[in-house]
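J.: Sharing a structure below in structure tokens format, with a few things to ask.
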Amino acid sequence: MIRTRTKSRPNITGGRANDGARFTSAALEKIAERIMKFSEAGETEVEISSTTDALTRFANNTIHQNVAEHTLHISVRAVVDGRTARSATNKTDDESLRRVTAAATRLAKNQPEYPDLLPMFGPQKYNRVARFFSATAAATPQDRARAVTRVCQMAEKNKQTAAGIFSTGEVQSVLVNSKGLFASYKETDAEFSVTVLESNSSGWAKANSPDIREIKPDALAARASLKAADSRSPRELPPGHYTAILEPSAVLDLVGFLFYDFAGTAVLDKRSCFNDRMGKKIFGDNITLWDDVYHPLQAGAPYDGEGFPRQKVLLVDRGVPKNLVYARATAKKMKTKPTGHGFALPNEYGEAPMNLVFAGGDKSVDEMIRSTERGFLVTRLWYIREVDPYAKILTGMTRDGTFLVENGRVAGGIRNFRFNQSILEMLSNVEMLGPAVRAAGEESFEMVVPAMKVRNFHFSEVTKF
Amino acid sequence: MMHDCANWAIETAKLRGATYADARVMDVRQRDISTKNGEVGTLMESETLGIGIRVVASGAWGFASTDRLTREGVQACAAEAVAIAKASALAKREDVALAPEQTYVDTWQNPFLKDPFHIPVERQIDLLLAADKEMRRVKGVTLAEGAMSFRRIDQLFVSSTGSSIHQLKMQSGAGIVATSFSDGEIQKRSYPNSFGGQHTLEGYELIESIDLVGNAQRTGEEAVALHSAAQCPERTSTIILGASQLSLQIHESIGHPIELDRVLGQEANFAGMSFLTVEKLRKLKYGSEIVNVVADARLAHGPGLGTFAYDDEGVPAQCTPIITNGLFTGYLSNRETAAAIGGTRSNGTMRTESWNRLPIIRMTNISLNPGAWKYDELIADTDDAILMETNRSWSIDDRRYHFQFSTEIGWEIKNGKKTRMIKNPSYSGITTEFWNSCDAICSREYWTLWGTPNCGKGQPMQTMGTGHGASPARFRNIKVGVAFAK
């Protein structure tokens with residue numbers, strides 16, 4: 001699968017890293033202090049993260065891969081006479097820290113002046129978020145293996161085959177600069193994803209949370225198992241425009257393609273689908289959308305790549321795009337205020353909202369099914385790519401649980417479809433919304449989105465299974 | 001130091017009960033530069049050094065990695081890998097079995113003329129800014145972008161069976177993009193390819209050979225001209241695909257389905273499976289008789305992103321016939337999957353993104369062998385077709401049957417002549433029907449080994465560079481224009 005962008009949450013703080021067990025916030029701060037002493041740049045910024053990740057992978061009802069990694073990422077940004085550049089390492093000896101600091105300074109010196117560069121800023125106050133859970137950090141390979149064993153045994157019992165992952169991890173990061181800014185953040189992450197297969201059908205379920213106690217592998221596997229059984233011997237139906245009932249994971253992976261469009265820089269660059277559309281009604285009345293890192297179902301640090309505090313931003317109000325998000329430099333260019341969504345400097349993309357939260361509704365998926373004369377129920381989408389960046393036409397496939405809905409009930413599995421659908425049109429055709437939930441997909445990082453019943457969704461071609 | 005670390009890892013793994021262990025110490029250096037509308041965007045250098053340790057213990061796999069390369073750190077990592085393997089054994093159905101492989105002690109480095117890390121960064125920035133300026137001289141270009149990236153991978157592989165293989169690989173890549181927004185439409189053109197340009201296992205000589213500045217104005221002009229081009233019709237048509245677009249078609253509809261881990265269900269939860277189930281080997285008519293595809297990691301194939309001397313499991317680079325005169329003849333395998341289907345040997349496709357990732361089956365250089373046609377003669381031989389060049393979007397189902405591609409630009413071919421420009425070209429189809437409709441492939445002089453630097457696979461996700469050689473080719477009775485159909 002060729003990637004256009006990272007599926008995982010973009011690393012707004014400038015690096016990725018490791019070994020939470022090895023480095024506390026204080027230990028990372030000491031490394032940053034050493035770098036500050038070595039730096040001869042006019043201004044210096046240091047971002048360090050320490051990560052531990054572990055992932056147990058299973059297929060054919062057995063564990064076939066089981067991995068753990070411990071890593072450290074040290075990233076130094078230097079500013080010299082209005083120029084800036086970055087250098088990174090994972091080594092902590094004095095020689096390596098001197099080298100990485102000197103490299104950032106050398107790179108900065110050897111480039112044209114950066115006209116939009118703003119001076120670094122000093123200490124900030126951040127709202128507290130609590131996204132580190134000891135239960136997640138303490139998870140062992142045995143814990144994951146035991147859960148996977150139960151899931152595989154359930155699949156065996158049902159004469160099915162299970163494949164998936166169970167992962168846990170933690171990250172501790174700090175961001176400091178020579179103006180006295182200090183920001184520190186730590187979080188944990190747990191994820192379980194399962195596909196259950198039969199000879200001609202499959203089902204899927206996935207959940208992600210900072211708190212492993214929120215992850216229920218047995219229930220997720222049971223859900224995937226039921227979908228595989230219910231979609232057995234799928235029928236082939238002709239392509240066309242149908243009502244689509246999209247479960248939250250399917251919605252997430254579609255609307256995730258909008259998030260770069262909400263960047264002020266994307267509008268300046270004229271590559272956003274919101275160019276010439278801000279303030280105009282382009283979605284239905286029932287579409288309201290925020291970026292909100294502080295939402296209880298969201299994750300991520302309360303500051304951006306420069307350490308600027310993140311703000312809650314109303315992006316779409318009852319169908320009207322109202323606001324964009326801005327890094328500091330973008331805000332200055334566009335004569336507005338920064339919102340705390342900037343990427344680590346230097347970069348060409350500026351910023352993006354990474355904690356999208358949709359206003360949900362009160363309809364359950366069952367109610368959507370009961371109200372549908374003829375349509376498709378879609379569990380999950382796959383390999384979604386942008387066909388037209390301004391009309392915002394996306395193509396992709398349904399996968400792992402696609403059903404015909406007829407006369408208010410699920411009427412069996414159907415072969416998977418390719419779709420070609422404008423998201424702008426889709427969000428104008430939403431007839432029902434479910435409650436917004438933390439959804440996990442494969443094309444976009446986690447967001448808070450509802451299930452949606454959408455009329456006139458374009459399923460353009462059908463595949464062989 | 002690399003040897004010490006690897007040896008500590010192997011010794012500790014064996015002491016802890018591993019029946020097999022291998023270790024990869026990798027030192028990776030990278031430089032990334034981008035420009036946008038006359039300014040520098042990204043400017044970054046990075047280095048990362050660490051060890052990944054893979055073991056079999058209690059008949060199951062374990063893997064752990066660390067960048068703490070003290071004796072204590074490496075030994076702790078090896079012990080963790082063994083502990084993980086023993087946990088894996090809780091859900092074991094049968095013991096891991098590996099196809100046999102000899103041991104090797106060797107050193108290898110890909111040839112390159114100019115070390116890109118020794119070229120002053122200001123010279124590299126100046127080149128991108130010069131191309132940027134040329135693109136923005138074209139009225140209507142609203143966004144000009146350029147990028148270069150360089151990667152130096154120094155790696156040591158050591159196994160408990162006695163292999164010790166040191167390889168040094170140098171990769172370079174660059175490209176430019178002109179985008180034009182006008183009247184509610186965004187069009188773009190890229191050179192020499194979209195999504196990052198061209199990438200090969202070469203030094204800075206690659207950048208000097210592709211003449212970004214000399215191609216910048218045309219790139220900008222075509223982006224603007226697309227606004228007034230005719231829309232690609234929705235119909236069944238003959239199409240001719242340019243070599244870079246065909247390289248992506250090979251990647252998605254041949255390269256991925258032949259991965260044996262997919263075929264055996266190991267990727268079912270994420271990357272998906274494959275329609276190429278094992279009973280189809282040497283029976284399925286994958287393409288027309290002129291279609292010959294190889295998986296070739298040897299340097300003799302060219303400086304592709306899938307070129308190496310040994311894979312990350314210590315198996316030498318090989319050339320495997322994948323499609324032979326249209327017949328499906330080979331998979332991409334590793335030692336475990338080769339054994340699983342009764343094969344005698346891995347064909348050497350285990351690759352890892354970096355020291356902190358487990359090697360998995362990846363494409364090497366999956367290439368369509370050249371045919372006999374001169375390009376001009378192919379056009380002259382075509383009555384009615386759409387010529388499509390430079391990928392804009394791509395998608396294929398999780399078993400690799402149904403695909404849809406769109407390209408940045410197209411041209412109508414009428415009565416043997418290239419005529420008007422077509423915008424928003426797209427085509428779609430079923431993999432085997434598509435390859436069986438191929439009736440002409442251009443010759444070696446039009447063949448390019450394209451690099452795809454951003455292939456994602458695995459959990460946790462790994463990004464890998466792959467190579468795909470192709471020359472322009474013609475396909476009959478293909479659905480076009482569905483992507484924009486109302």
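To be explicit about the labels: the chains of the structure tokens are called A, B, and onward in the order shown, and within each one the residues are counted from 1, while ligands get numbers from 1 in the order they are shown.
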Do you have, as a tab-separated table, the list of residues of chain B lying at most 6 Å from chain A, each with its nearest atom pair and that distance in Å to one decimal, counting only C-alpha atoms and ordered by chain then number?
T.:
```
residue	atom	partner	partner_atom	distance
B:Gly41	CA	A:Glu348	CA	4.4
B:Thr42	CA	A:Asn347	CA	4.5
B:Leu43	CA	A:Ala85	CA	5.3
B:Met44	CA	A:Arg86	CA	4.7
B:Glu45	CA	A:Ser87	CA	4.7
B:Ser46	CA	A:Ala88	CA	4.3
B:Glu47	CA	A:Thr89	CA	4.9
B:Thr48	CA	A:Asn90	CA	5.5
B:Gly62	CA	A:Asn66	CA	5.3
B:Phe63	CA	A:Val67	CA	4.6
B:Ala64	CA	A:Ala68	CA	4.6
B:Ser65	CA	A:Glu69	CA	4.7
B:Thr66	CA	A:His70	CA	4.9
B:Asp67	CA	A:Thr71	CA	5.8
B:Ile84	CA	A:Pro141	CA	5.9
B:Ala87	CA	A:Gln142	CA	5.2
B:Ser88	CA	A:Ile63	CA	5.7
B:Ala91	CA	A:Thr149	CA	5.2
B:Lys92	CA	A:Thr62	CA	5.5
B:Glu122	CA	A:Asn110	CA	5.4
B:Gln266	CA	A:Ala59	CA	5.2
B:Asn269	CA	A:Gly164	CA	5.1
B:Ser393	CA	A:Val387	CA	5.8
B:Ser395	CA	A:Tyr383	CA	5.5
B:Asp397	CA	A:Met397	CA	5.9
B:His402	CA	A:Thr463	CA	5.5
B:Asn454	CA	A:Ile2	CA	5.6
B:Cys455	CA	A:Ile2	CA	4.3
B:Gly456	CA	A:Met1	CA	5.2
B:Ala483	CA	A:Asn420	CA	5.8
```
J.: For those residues, write N, CA, C and O atoms to a file as a compact mmCIF listing (two decimals), in the first residue's frame.
T.:
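Output contents, as saved in selection.txt:
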```
# COMPACT_ATOMS: atom_id res chain seq x y z
N GLY B 41 11.17 24.91 2.89
CA GLY B 41 10.16 24.34 3.77
C GLY B 41 10.83 23.51 4.84
O GLY B 41 11.25 24.01 5.87
N THR B 42 11.01 22.24 4.56
CA THR B 42 11.72 21.36 5.50
C THR B 42 13.21 21.46 5.25
O THR B 42 13.66 21.49 4.10
N LEU B 43 13.99 21.49 6.32
CA LEU B 43 15.45 21.37 6.21
C LEU B 43 15.90 20.60 7.44
O LEU B 43 15.91 21.13 8.55
N MET B 44 16.23 19.34 7.23
CA MET B 44 16.49 18.49 8.39
C MET B 44 17.50 17.40 8.07
O MET B 44 17.46 16.82 6.97
N GLU B 45 18.36 17.15 9.02
CA GLU B 45 19.22 15.97 8.97
C GLU B 45 18.94 15.13 10.21
O GLU B 45 18.66 15.67 11.28
N SER B 46 18.99 13.83 10.05
CA SER B 46 18.78 12.97 11.21
C SER B 46 19.68 11.75 11.13
O SER B 46 20.14 11.37 10.06
N GLU B 47 19.92 11.17 12.30
CA GLU B 47 20.69 9.94 12.37
C GLU B 47 20.04 9.06 13.42
O GLU B 47 19.47 9.56 14.41
N THR B 48 20.04 7.76 13.19
CA THR B 48 19.49 6.85 14.18
C THR B 48 20.29 5.55 14.14
O THR B 48 20.61 5.04 13.06
N GLY B 62 9.99 -14.09 18.60
CA GLY B 62 10.02 -12.90 19.42
C GLY B 62 10.96 -11.89 18.80
O GLY B 62 11.93 -12.26 18.11
N PHE B 63 10.68 -10.61 19.01
CA PHE B 63 11.53 -9.55 18.45
C PHE B 63 11.55 -8.39 19.43
O PHE B 63 10.51 -7.99 19.96
N ALA B 64 12.73 -7.84 19.66
CA ALA B 64 12.84 -6.62 20.47
C ALA B 64 13.95 -5.76 19.90
O ALA B 64 14.88 -6.27 19.25
N SER B 65 13.83 -4.47 20.13
CA SER B 65 14.82 -3.54 19.58
C SER B 65 15.13 -2.46 20.59
O SER B 65 14.30 -2.12 21.44
N THR B 66 16.32 -1.93 20.49
CA THR B 66 16.71 -0.85 21.41
C THR B 66 17.78 0.01 20.77
O THR B 66 18.52 -0.44 19.88
N ASP B 67 17.87 1.24 21.25
CA ASP B 67 18.98 2.10 20.83
C ASP B 67 19.97 2.27 21.99
O ASP B 67 20.87 3.09 21.91
N ILE B 84 9.52 -12.56 24.95
CA ILE B 84 8.37 -12.33 24.06
C ILE B 84 8.08 -13.59 23.25
O ILE B 84 6.92 -13.98 23.07
N ALA B 87 6.21 -15.93 25.33
CA ALA B 87 4.80 -15.53 25.42
C ALA B 87 4.05 -15.89 24.15
O ALA B 87 2.90 -16.34 24.18
N SER B 88 4.70 -15.70 22.99
CA SER B 88 4.07 -16.07 21.71
C SER B 88 3.68 -17.54 21.71
O SER B 88 2.67 -17.93 21.11
N ALA B 91 0.11 -19.07 22.28
CA ALA B 91 -0.90 -19.23 21.23
C ALA B 91 -0.31 -19.94 20.01
O ALA B 91 -0.72 -19.71 18.88
N LYS B 92 0.63 -20.82 20.25
CA LYS B 92 1.34 -21.49 19.14
C LYS B 92 0.52 -22.68 18.65
O LYS B 92 -0.04 -23.44 19.43
N GLU B 122 23.56 24.11 0.72
CA GLU B 122 23.12 25.33 0.02
C GLU B 122 23.03 25.10 -1.49
O GLU B 122 22.18 25.68 -2.17
N GLN B 266 -1.22 -13.86 6.66
CA GLN B 266 -0.56 -13.16 7.76
C GLN B 266 -0.84 -11.66 7.78
O GLN B 266 -0.62 -11.00 8.79
N ASN B 269 -5.47 -8.82 8.60
CA ASN B 269 -6.11 -7.77 9.38
C ASN B 269 -5.85 -6.37 8.86
O ASN B 269 -6.64 -5.46 9.06
N SER B 393 -3.81 9.36 -8.43
CA SER B 393 -4.36 8.62 -7.29
C SER B 393 -4.40 7.14 -7.62
O SER B 393 -4.39 6.75 -8.80
N SER B 395 -5.78 3.09 -6.00
CA SER B 395 -6.52 2.35 -4.97
C SER B 395 -6.79 0.96 -5.52
O SER B 395 -7.07 0.78 -6.72
N ASP B 397 -8.42 -3.17 -4.14
CA ASP B 397 -9.08 -3.85 -3.01
C ASP B 397 -8.09 -4.71 -2.23
O ASP B 397 -6.94 -4.91 -2.65
N HIS B 402 -9.66 -5.61 -7.83
CA HIS B 402 -10.20 -4.42 -8.48
C HIS B 402 -9.38 -3.18 -8.14
O HIS B 402 -9.17 -2.85 -6.98
N ASN B 454 7.68 4.95 -0.74
CA ASN B 454 6.70 5.08 0.35
C ASN B 454 5.71 3.94 0.40
O ASN B 454 4.51 4.15 0.55
N CYS B 455 6.18 2.70 0.28
CA CYS B 455 5.27 1.56 0.35
C CYS B 455 5.07 1.17 1.82
O CYS B 455 6.02 0.83 2.52
N GLY B 456 3.83 1.21 2.27
CA GLY B 456 3.52 0.89 3.66
C GLY B 456 2.97 -0.52 3.80
O GLY B 456 2.16 -0.96 3.00
N ALA B 483 -14.04 7.36 -12.45
CA ALA B 483 -13.78 8.12 -11.22
C ALA B 483 -14.57 9.41 -11.15
O ALA B 483 -14.94 9.86 -10.07
```
J.: From range 155-341 of chain A, collect each residue whose DSSP state is strand (DSSP E) and return the set as a PyMOL selection string.
T.: chain A and resi 161-177+182-197+202-209+240-246+289-291+313-317+320-321
J.: If DSSP is run on the backbone, what residues of range 3-134 of chain B are helix (DSSP H, G or I)? A reply as a VMD selection string would be ideal.
T.: chain B and resid 3 to 15 71 to 91 116 to 118 121 to 134
J.: Can you list, as a JSON list (two decimals) with N, CA, C and O atoms, in the first residue's frame, every protein, DNA or RNA residue that comes within 8 Å of Thr352 in chain B when you count only C-alpha atoms, leaving out same-chain residues fewer than 3 positions away?
T.:
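Heads up, here's the output in around_21.json:
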```json
[["chain", "number", "residue", "atom", "x", "y", "z"],
["B", 312, "ASP", "N", 17.26, -8.99, 4.65],
["B", 312, "ASP", "CA", 17.46, -8.80, 6.09],
["B", 312, "ASP", "C", 17.24, -10.08, 6.89],
["B", 312, "ASP", "O", 17.07, -10.04, 8.11],
["B", 355, "TRP", "N", 16.26, -0.39, 12.24],
["B", 355, "TRP", "CA", 16.66, -1.33, 13.27],
["B", 355, "TRP", "C", 15.53, -1.69, 14.22],
["B", 355, "TRP", "O", 15.54, -2.75, 14.85],
["B", 357, "ARG", "N", 12.39, -2.33, 13.55],
["B", 357, "ARG", "CA", 11.28, -3.03, 12.94],
["B", 357, "ARG", "C", 11.70, -4.45, 12.56],
["B", 357, "ARG", "O", 12.81, -4.69, 12.10],
["B", 358, "LEU", "N", 10.74, -5.35, 12.70],
["B", 358, "LEU", "CA", 10.92, -6.75, 12.32],
["B", 358, "LEU", "C", 10.95, -6.86, 10.79],
["B", 358, "LEU", "O", 10.08, -6.31, 10.13],
["B", 359, "PRO", "N", 11.92, -7.57, 10.20],
["B", 359, "PRO", "CA", 11.88, -7.75, 8.74],
["B", 359, "PRO", "C", 10.62, -8.52, 8.33],
["B", 359, "PRO", "O", 10.20, -9.46, 9.02],
["B", 360, "ILE", "N", 10.01, -8.08, 7.24],
["B", 360, "ILE", "CA", 8.85, -8.78, 6.68],
["B", 360, "ILE", "C", 9.03, -8.89, 5.17],
["B", 360, "ILE", "O", 9.93, -8.25, 4.61],
["B", 462, "GLN", "N", 5.48, -0.24, 8.48],
["B", 462, "GLN", "CA", 6.84, 0.02, 8.00],
["B", 462, "GLN", "C", 6.75, 0.63, 6.61],
["B", 462, "GLN", "O", 5.95, 0.18, 5.79],
["B", 464, "MET", "N", 8.76, 1.30, 3.10],
["B", 464, "MET", "CA", 9.88, 0.69, 2.40],
["B", 464, "MET", "C", 9.96, 1.24, 0.97],
["B", 464, "MET", "O", 8.95, 1.56, 0.37]]
```
J.: Under the rule of at most 10 Å, produce a per-residue listing of range 219-337 of chain A near range 355-364 of chain A: chain, number, name, the closest pair of atoms, and the distance in Å, as a Markdown table, using only C-alpha atoms.
T.:
```
| residue | atom | partner | partner_atom | distance |
| --- | --- | --- | --- | --- |
| A:Leu252 | CA | A:Leu356 | CA | 9.6 |
| A:Val255 | CA | A:Leu356 | CA | 9.2 |
| A:Gly256 | CA | A:Leu356 | CA | 8.4 |
| A:Leu258 | CA | A:Leu356 | CA | 9.9 |
| A:Phe259 | CA | A:Leu356 | CA | 7.9 |
| A:Asn286 | CA | A:Ala359 | CA | 8.1 |
| A:Ile287 | CA | A:Ala359 | CA | 7.0 |
| A:Thr288 | CA | A:Ala359 | CA | 5.4 |
| A:Leu289 | CA | A:Phe358 | CA | 4.5 |
| A:Trp290 | CA | A:Val357 | CA | 5.2 |
| A:Asp291 | CA | A:Leu356 | CA | 4.5 |
| A:Asp292 | CA | A:Asn355 | CA | 5.4 |
| A:Val293 | CA | A:Asn355 | CA | 5.3 |
| A:Tyr294 | CA | A:Asn355 | CA | 8.6 |
| A:His295 | CA | A:Val357 | CA | 7.9 |
| A:Leu297 | CA | A:Val357 | CA | 9.0 |
| A:Gln298 | CA | A:Asn355 | CA | 6.4 |
| A:Ala299 | CA | A:Asn355 | CA | 7.5 |
| A:Gly300 | CA | A:Asn355 | CA | 8.0 |
| A:Lys312 | CA | A:Asn355 | CA | 9.2 |
| A:Val313 | CA | A:Leu356 | CA | 9.6 |
| A:Leu314 | CA | A:Val357 | CA | 9.6 |
| A:Leu315 | CA | A:Leu356 | CA | 9.0 |
| A:Val316 | CA | A:Phe358 | CA | 9.2 |
| A:Asp317 | CA | A:Ala359 | CA | 9.7 |
| A:Arg318 | CA | A:Ala359 | CA | 9.6 |
```
J.: If we count only C-alpha atoms and set the cut-off at 6 Å, which residues sit around range 159-171 of chain B, ignoring sequence neighbours fewer than 4 positions away in its own chain? Please answer as a PyMOL selection string.
T.: chain B and resi 20-22+103-110+150-155+200-202
J.: Would you put the residues from that selection into a file with N, CA and C atoms, as an mmCIF file, in the first residue's frame?
T.:
```cif
data_model
loop_
_atom_site.group_PDB
_atom_site.id
_atom_site.type_symbol
_atom_site.label_atom_id
_atom_site.label_comp_id
_atom_site.auth_asym_id
_atom_site.auth_seq_id
_atom_site.Cartn_x
_atom_site.Cartn_y
_atom_site.Cartn_z
ATOM 1 N N TYR B 20 17.158 -20.156 17.555
ATOM 2 C CA TYR B 20 17.681 -19.390 16.420
ATOM 3 C C TYR B 20 17.642 -17.920 16.822
ATOM 4 N N ALA B 21 18.613 -17.151 16.380
ATOM 5 C CA ALA B 21 18.597 -15.702 16.633
ATOM 6 C C ALA B 21 19.322 -14.995 15.502
ATOM 7 N N ASP B 22 18.816 -13.821 15.138
ATOM 8 C CA ASP B 22 19.589 -12.939 14.266
ATOM 9 C C ASP B 22 19.469 -11.514 14.780
ATOM 10 N N THR B 103 25.306 -20.138 5.293
ATOM 11 C CA THR B 103 25.808 -18.979 6.038
ATOM 12 C C THR B 103 26.763 -18.189 5.131
ATOM 13 N N TYR B 104 26.805 -16.895 5.376
ATOM 14 C CA TYR B 104 27.623 -16.013 4.531
ATOM 15 C C TYR B 104 28.379 -15.024 5.409
ATOM 16 N N VAL B 105 29.615 -14.776 5.041
ATOM 17 C CA VAL B 105 30.391 -13.690 5.641
ATOM 18 C C VAL B 105 30.797 -12.798 4.482
ATOM 19 N N ASP B 106 30.269 -11.569 4.468
ATOM 20 C CA ASP B 106 30.445 -10.756 3.260
ATOM 21 C C ASP B 106 30.307 -9.277 3.603
ATOM 22 N N THR B 107 30.814 -8.463 2.700
ATOM 23 C CA THR B 107 30.669 -7.004 2.779
ATOM 24 C C THR B 107 30.254 -6.497 1.403
ATOM 25 N N TRP B 108 29.308 -5.546 1.377
ATOM 26 C CA TRP B 108 28.819 -5.055 0.079
ATOM 27 C C TRP B 108 28.411 -3.595 0.218
ATOM 28 N N GLN B 109 28.592 -2.869 -0.856
ATOM 29 C CA GLN B 109 28.141 -1.468 -0.904
ATOM 30 C C GLN B 109 27.660 -1.180 -2.311
ATOM 31 N N ASN B 110 26.528 -0.461 -2.434
ATOM 32 C CA ASN B 110 26.081 -0.134 -3.794
ATOM 33 C C ASN B 110 26.998 0.932 -4.385
ATOM 34 N N PHE B 150 17.855 12.132 0.913
ATOM 35 C CA PHE B 150 19.022 11.241 0.809
ATOM 36 C C PHE B 150 19.055 10.362 2.049
ATOM 37 N N ARG B 151 19.411 9.111 1.837
ATOM 38 C CA ARG B 151 19.436 8.167 2.956
ATOM 39 C C ARG B 151 20.658 7.274 2.820
ATOM 40 N N ARG B 152 21.419 7.167 3.890
ATOM 41 C CA ARG B 152 22.593 6.287 3.934
ATOM 42 C C ARG B 152 22.341 5.255 5.006
ATOM 43 N N ILE B 153 22.311 3.983 4.607
ATOM 44 C CA ILE B 153 21.979 2.904 5.545
ATOM 45 C C ILE B 153 23.190 1.990 5.681
ATOM 46 N N ASP B 154 23.766 1.993 6.870
ATOM 47 C CA ASP B 154 24.925 1.154 7.168
ATOM 48 C C ASP B 154 24.420 0.055 8.097
ATOM 49 N N GLN B 155 24.482 -1.196 7.666
ATOM 50 C CA GLN B 155 23.853 -2.228 8.472
ATOM 51 C C GLN B 155 24.686 -3.502 8.533
ATOM 52 N N THR B 200 16.377 6.401 -6.395
ATOM 53 C CA THR B 200 17.171 5.224 -6.756
ATOM 54 C C THR B 200 18.259 4.978 -5.721
ATOM 55 N N LEU B 201 18.907 3.843 -5.884
ATOM 56 C CA LEU B 201 20.045 3.498 -5.032
ATOM 57 C C LEU B 201 21.297 4.064 -5.713
ATOM 58 N N GLU B 202 21.411 5.358 -5.656
ATOM 59 C CA GLU B 202 22.538 6.067 -6.281
ATOM 60 C C GLU B 202 22.914 7.240 -5.394
#
```
J.: From the set B:Asn193, B:Gln318, B:Thr329, B:Gln198, which residue has the shortest atom-to-atom contact distance to Glu389 in chain B, counting only C-alpha atoms?
T.: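 Residue with the minimum atom-to-atom distance to Glu389 in chain B: B:Asn193.
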J.: If you count only C-alpha atoms, which residues fall within 9 Å of Leu118 in chain A, apart from same-chain ones fewer than 2 positions away, as an MDAnalysis selection string?
T.: chainID A and resid 82 115:116 120:121 328:329
J.: What's the separation between CA of Gly305 in chain A and CA of Thr463 in chain B, in Å to one decimal place?
T.: 23.4 Å
J.: Excluding range 282-297 of chain B and any residue of its chain fewer than 3 positions from it, enumerate the residues within 8 Å of it, using only C-alpha atoms, and give them as a PyMOL selection string.
T.: chain B and resi 279+301+306-309+317-330+332+363-369+371+432-441
J.: Got a sec: who's within 8 Å of Pro234 in chain A, counting only C-alpha atoms, leaving out chain neighbours fewer than 5 positions off, as a ChimeraX atom specification?
T.: /A:200-201,412-415,465
J.: To one decimal place in Å, what is the distance between CA of Ser371 in chain A and CA of Phe457 in chain A?
T.: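 Going from CA of Ser371 in chain A over to CA of Phe457 in chain A covers 16.5 Å.
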